[in-house]
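What follows is the content of data.txt (compact mmCIF, C-alpha atoms).
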```
# COMPACT_ATOMS: atom_id res chain seq x y z
CA ASN U 1 -37.54 6.67 35.01
CA ALA U 2 -33.88 6.50 35.85
CA GLY U 3 -32.04 3.68 34.17
CA VAL U 4 -29.32 1.51 35.64
CA MET U 5 -26.65 3.71 37.16
CA GLN U 6 -23.01 2.86 37.55
CA ASN U 7 -20.16 4.79 39.09
CA PRO U 8 -17.53 5.70 38.58
CA ARG U 9 -17.61 5.76 34.79
CA HIS U 10 -13.84 5.62 34.62
CA LEU U 11 -11.47 4.28 37.24
CA VAL U 12 -7.69 4.21 37.15
CA ARG U 13 -5.78 2.07 39.62
CA ARG U 14 -2.18 1.02 40.05
CA ARG U 15 -1.29 -2.64 40.34
CA GLY U 16 -2.01 -3.93 43.84
CA GLN U 17 -4.70 -1.38 44.66
CA GLU U 18 -8.38 -2.10 45.21
CA ALA U 19 -11.18 -1.21 42.82
CA ARG U 20 -14.79 -0.72 43.93
CA LEU U 21 -17.48 -0.51 41.29
CA ARG U 22 -21.04 0.49 42.16
CA CYS U 23 -24.35 -0.29 40.50
CA SER U 24 -27.83 0.97 41.28
CA PRO U 25 -30.50 -1.06 39.48
CA MET U 26 -33.56 0.38 37.80
CA LYS U 27 -36.41 1.22 40.14
CA GLY U 28 -38.44 -1.89 40.90
CA HIS U 29 -35.68 -4.27 39.80
CA SER U 30 -34.33 -6.68 42.39
CA HIS U 31 -32.05 -8.79 40.18
CA VAL U 32 -28.53 -7.61 39.40
CA TYR U 33 -26.00 -9.12 37.01
CA TRP U 34 -22.36 -8.13 36.49
CA TYR U 35 -20.59 -8.69 33.17
CA ARG U 36 -17.06 -7.98 32.02
CA GLN U 37 -15.99 -6.91 28.54
CA LEU U 38 -12.32 -7.32 27.76
CA PRO U 39 -10.92 -5.23 24.89
CA GLU U 40 -12.23 -6.32 21.49
CA GLU U 41 -14.38 -9.05 23.05
CA GLY U 42 -18.01 -9.67 23.88
CA LEU U 43 -19.47 -9.52 27.34
CA LYS U 44 -18.98 -12.39 29.79
CA PHE U 45 -21.20 -13.12 32.77
CA MET U 46 -19.58 -12.81 36.17
CA VAL U 47 -22.15 -12.92 38.97
CA TYR U 48 -25.89 -12.76 39.64
CA LEU U 49 -27.27 -11.29 42.86
CA GLN U 50 -30.55 -10.56 44.52
CA LYS U 51 -30.90 -8.43 47.60
CA GLU U 52 -28.51 -9.76 50.24
CA ASN U 53 -27.84 -12.96 48.30
CA ILE U 54 -25.33 -14.16 45.74
CA ILE U 55 -27.27 -16.53 43.51
CA ASP U 56 -24.65 -17.54 40.96
CA GLU U 57 -20.99 -16.52 40.91
CA SER U 58 -19.82 -19.14 38.44
CA GLY U 59 -18.35 -16.56 36.07
CA MET U 60 -16.33 -14.68 38.65
CA PRO U 61 -12.64 -15.42 39.28
CA LYS U 62 -12.24 -17.29 42.57
CA GLU U 63 -9.57 -14.99 43.92
CA ARG U 64 -9.54 -11.22 44.42
CA PHE U 65 -13.09 -10.68 43.15
CA SER U 66 -16.19 -10.35 45.32
CA ALA U 67 -19.67 -8.93 44.94
CA GLU U 68 -22.48 -7.88 47.21
CA PHE U 69 -25.97 -6.43 46.98
CA PRO U 70 -26.93 -5.21 50.45
CA LYS U 71 -30.45 -4.61 51.67
CA GLU U 72 -29.85 -0.88 51.39
CA GLY U 73 -27.66 0.75 48.79
CA PRO U 74 -26.09 -0.22 45.50
CA SER U 75 -24.52 -3.48 44.42
CA ILE U 76 -20.73 -3.45 44.73
CA LEU U 77 -18.17 -5.34 42.67
CA ARG U 78 -14.85 -5.36 44.47
CA ILE U 79 -11.51 -6.28 42.96
CA GLN U 80 -8.61 -6.57 45.36
CA GLN U 81 -4.95 -6.28 44.38
CA VAL U 82 -5.73 -5.40 40.79
CA VAL U 83 -3.48 -6.60 37.97
CA ARG U 84 -3.17 -5.31 34.42
CA GLY U 85 -5.35 -8.15 33.13
CA ASP U 86 -8.27 -6.72 35.12
CA SER U 87 -8.39 -3.73 32.77
CA ALA U 88 -11.79 -3.97 31.11
CA ALA U 89 -15.26 -2.48 30.97
CA TYR U 90 -17.51 -3.77 33.74
CA PHE U 91 -21.22 -3.62 33.09
CA CYS U 92 -24.07 -4.05 35.48
CA ALA U 93 -27.54 -5.11 34.35
CA SER U 94 -30.79 -5.33 36.22
CA SER U 95 -34.07 -7.09 35.59
CA GLN U 96 -37.48 -7.38 37.11
CA ARG U 97 -37.88 -11.07 36.35
CA THR U 98 -41.65 -11.41 36.36
CA SER U 99 -43.51 -14.58 37.26
CA GLY U 100 -44.35 -14.88 33.57
CA GLY U 101 -40.70 -15.47 32.80
CA ASN U 102 -39.76 -12.07 31.41
CA ASN U 103 -36.16 -11.49 32.38
CA GLU U 104 -35.25 -8.63 30.05
CA GLN U 105 -32.01 -7.15 31.28
CA PHE U 106 -31.16 -3.46 31.08
CA PHE U 107 -27.57 -2.33 31.19
CA GLY U 108 -25.81 0.54 32.86
CA PRO U 109 -23.21 2.68 31.06
CA GLY U 110 -20.35 0.61 32.44
CA THR U 111 -17.20 1.35 34.43
CA ARG U 112 -13.99 1.42 32.44
CA LEU U 113 -11.21 0.17 34.70
CA THR U 114 -7.62 0.86 33.71
CA VAL U 115 -4.83 -0.72 35.72
CA LEU U 116 -1.45 0.96 35.34
CA GLY I 1 -22.47 -24.26 27.83
CA ILE I 2 -24.55 -22.74 25.10
CA GLN I 3 -22.76 -21.35 22.04
CA VAL I 4 -23.87 -18.15 20.31
CA GLU I 5 -22.52 -17.31 16.88
CA GLN I 6 -23.10 -14.08 15.01
CA SER I 7 -22.52 -13.30 11.36
CA PRO I 8 -21.11 -11.48 9.62
CA PRO I 9 -18.38 -10.32 12.02
CA ASP I 10 -17.93 -7.07 10.09
CA LEU I 11 -20.22 -5.16 7.76
CA ILE I 12 -19.63 -1.93 5.89
CA LEU I 13 -22.62 -0.22 4.29
CA GLN I 14 -23.38 2.93 2.42
CA GLU I 15 -25.95 5.15 4.07
CA GLY I 16 -29.44 4.15 2.96
CA ALA I 17 -28.64 0.47 2.43
CA ASN I 18 -30.41 -2.42 4.15
CA SER I 19 -28.76 -5.23 6.08
CA THR I 20 -29.48 -8.50 7.87
CA LEU I 21 -27.52 -9.72 10.88
CA ARG I 22 -27.78 -13.32 12.01
CA CYS I 23 -27.50 -15.02 15.39
CA ASN I 24 -27.34 -18.81 15.77
CA PHE I 25 -27.50 -20.55 19.12
CA SER I 26 -26.72 -24.13 19.99
CA ASP I 27 -29.49 -25.03 22.45
CA SER I 28 -32.98 -24.04 23.51
CA VAL I 29 -33.21 -20.67 25.23
CA ASN I 30 -35.57 -18.91 27.57
CA ASN I 31 -35.17 -15.55 25.92
CA LEU I 32 -33.10 -13.63 23.40
CA GLN I 33 -32.07 -10.00 23.32
CA TRP I 34 -30.45 -7.78 20.68
CA PHE I 35 -28.27 -4.87 21.73
CA HIS I 36 -26.47 -2.03 20.00
CA GLN I 37 -23.19 -0.97 21.55
CA ASN I 38 -22.59 2.54 20.33
CA PRO I 39 -19.14 4.07 19.79
CA TRP I 40 -19.22 5.41 23.35
CA GLY I 41 -19.56 1.87 24.68
CA GLN I 42 -23.13 2.07 25.89
CA LEU I 43 -25.36 -0.97 25.43
CA ILE I 44 -28.76 -0.04 24.07
CA ASN I 45 -31.63 -2.54 24.24
CA LEU I 46 -33.07 -3.10 20.79
CA PHE I 47 -35.32 -6.11 21.13
CA TYR I 48 -36.41 -8.66 23.69
CA ILE I 49 -37.57 -11.42 21.37
CA PRO I 50 -37.73 -15.06 22.50
CA SER I 51 -39.84 -15.89 19.45
CA GLY I 52 -41.77 -14.25 16.65
CA THR I 53 -41.24 -10.91 14.96
CA LYS I 54 -41.06 -7.38 16.32
CA GLN I 55 -40.54 -4.03 14.65
CA ASN I 56 -39.32 -0.72 15.98
CA GLY I 57 -38.96 1.99 13.36
CA ARG I 58 -36.28 1.03 10.83
CA LEU I 59 -35.31 -2.04 12.84
CA SER I 60 -37.04 -5.37 13.05
CA ALA I 61 -36.15 -8.76 14.44
CA THR I 62 -37.32 -12.32 14.00
CA THR I 63 -36.54 -15.29 16.22
CA VAL I 64 -37.27 -18.85 15.14
CA ALA I 65 -36.70 -20.66 18.40
CA THR I 66 -37.34 -24.14 16.99
CA GLU I 67 -34.54 -23.63 14.47
CA ARG I 68 -32.30 -21.80 16.94
CA TYR I 69 -31.64 -18.56 15.13
CA SER I 70 -32.59 -14.91 15.16
CA LEU I 71 -32.27 -12.20 12.54
CA LEU I 72 -31.94 -8.45 12.96
CA TYR I 73 -32.95 -6.30 9.99
CA ILE I 74 -31.79 -2.72 9.58
CA SER I 75 -33.41 -0.76 6.79
CA SER I 76 -32.33 2.59 5.32
CA SER I 77 -29.22 2.59 7.47
CA GLN I 78 -27.86 5.83 8.90
CA THR I 79 -24.39 6.74 10.13
CA THR I 80 -25.72 6.70 13.68
CA ASP I 81 -26.42 2.98 13.28
CA SER I 82 -22.67 2.34 13.38
CA GLY I 83 -21.38 0.28 16.27
CA VAL I 84 -21.43 -3.32 17.40
CA TYR I 85 -24.61 -5.36 17.43
CA PHE I 86 -24.79 -8.14 19.99
CA CYS I 87 -27.16 -11.01 20.29
CA ALA I 88 -27.47 -12.53 23.78
CA VAL I 89 -29.42 -15.55 24.98
CA ASP I 90 -30.77 -16.41 28.38
CA SER I 91 -30.50 -20.12 29.00
CA GLY I 92 -28.93 -20.91 32.35
CA SER I 93 -30.72 -21.48 35.63
CA ALA I 94 -29.54 -18.08 36.81
CA ARG I 95 -30.92 -16.59 33.60
CA GLN I 96 -27.61 -14.90 32.83
CA LEU I 97 -27.02 -13.76 29.28
CA THR I 98 -24.53 -15.46 27.00
CA PHE I 99 -23.35 -13.04 24.33
CA GLY I 100 -22.25 -13.63 20.79
CA SER I 101 -19.05 -12.02 19.55
CA GLY I 102 -20.97 -9.28 17.79
CA THR I 103 -21.25 -7.75 14.32
CA GLN I 104 -19.24 -4.56 13.80
CA LEU I 105 -21.35 -2.31 11.56
CA THR I 106 -19.92 0.74 9.84
CA VAL I 107 -22.28 2.98 7.89
CA LEU I 108 -20.53 5.38 5.55
CA PRO I 109 -22.04 8.77 4.59
```
Translate this structure into structure tokens?
Amino acid sequence: NAGVMQNPRHLVRRRGQEARLRCSPMKGHSHVYWYRQLPEEGLKFMVYLQKENIIDESGMPKERFSAEFPKEGPSILRIQQVVRGDSAAYFCASSQRTSGGNNEQFFGPGTRLTVL
Amino acid sequence: GIQVEQSPPDLILQEGANSTLRCNFSDSVNNLQWFHQNPWGQLINLFYIPSGTKQNGRLSATTVATERYSLLYISSSQTTDSGVYFCAVDSGSARQLTFGSGTQLTVLP
């Protein structure tokens, strides 16, 4: 079984450019979470999506950041007009979220974004 | 929001030693997970353990939900155990994970 896939693994952008990060959840998983890990810090929740719906974006900056999870294709985290403070590792996680309450999340390898 | 505290923040062991990592959380949780972030940055699922005790090889974990803490035990540590160990709890309506700040483990040969 393929795990959570993310691409690219490394992304370098200059200030002002756009960054697009992709995440394909595990097979059978319809819940996607994005987290950000700043250098030397733990992971912080950004946004939770189900197919075609943003459920909770309370952890995502209000400006320049957006996320989607279309009916077909991967989930996309988009950062417009990147700044140096956006440099971080961005992780995607997926879960199956059974009716019994199991919401174990499995993480992708992350995308390391460097803003020059 | 919920607070998650891990201790110790850093731990240096000689290969073969045993260790206990602790995770305290400030409110009731739906679930709790332990992860190992290896030196390459990948997050490896260790345990999904909202309550009780589980074992997987040299690792075991115990969560006492009523007292709001979890413990991760590593026995006969190996150099490949090095990395950061994170505890994360699932408590919000969206079921997002709130992570502790981690324990940096270094196992020396």
task: Please report as a list of chain:residue names which residues of chain U come no farther than 8 Å from chain I, using all atoms listed in the file.
output: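 Listed by rising number, the hits are U:Tyr33, U:Glu41, U:Gly42, U:Leu43, U:Lys44, U:Phe45, U:Tyr48, U:Ile55, U:Asp56, U:Asn102, U:Asn103, U:Glu104, U:Phe106, U:Phe107, U:Gly108, U:Pro109, U:Gly110.
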task: Go through I:Val29, I:Leu59, I:Ala17, I:Val4 one by one, measure the shortest atom-to-atom distance of each to Gly101 of chain U using only C-alpha atoms, and give the residue with the smallest value.
output: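 Looking only at the distances to Gly101 of chain U, the closest residue turns out to be I:Val29.
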query: Given the choices U:Gln50, U:Thr114, U:Gln17, U:Ser58, which gets closest to His31 of chain U if the distance is worked out from all atoms listed in the file?
result: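 Using all atoms listed in the file, His31 of chain U sits closest to U:Gln50.
Across the model, the gap from atom CA of Trp34 of chain I to atom CA of Glu15 of chain I is 21.5 Å.
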- request: Mind giving me the straight-line distance from atom CA of Ile79 of chain U to atom CA of Arg36 of chain U in Å, one decimal?
  value: 12.4 Å
query: Between atom CA of Ser82 of chain I and atom CA of Tyr69 of chain I, what is the spacing in Å?
result: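 Distance between the two atoms: 22.8 Å.
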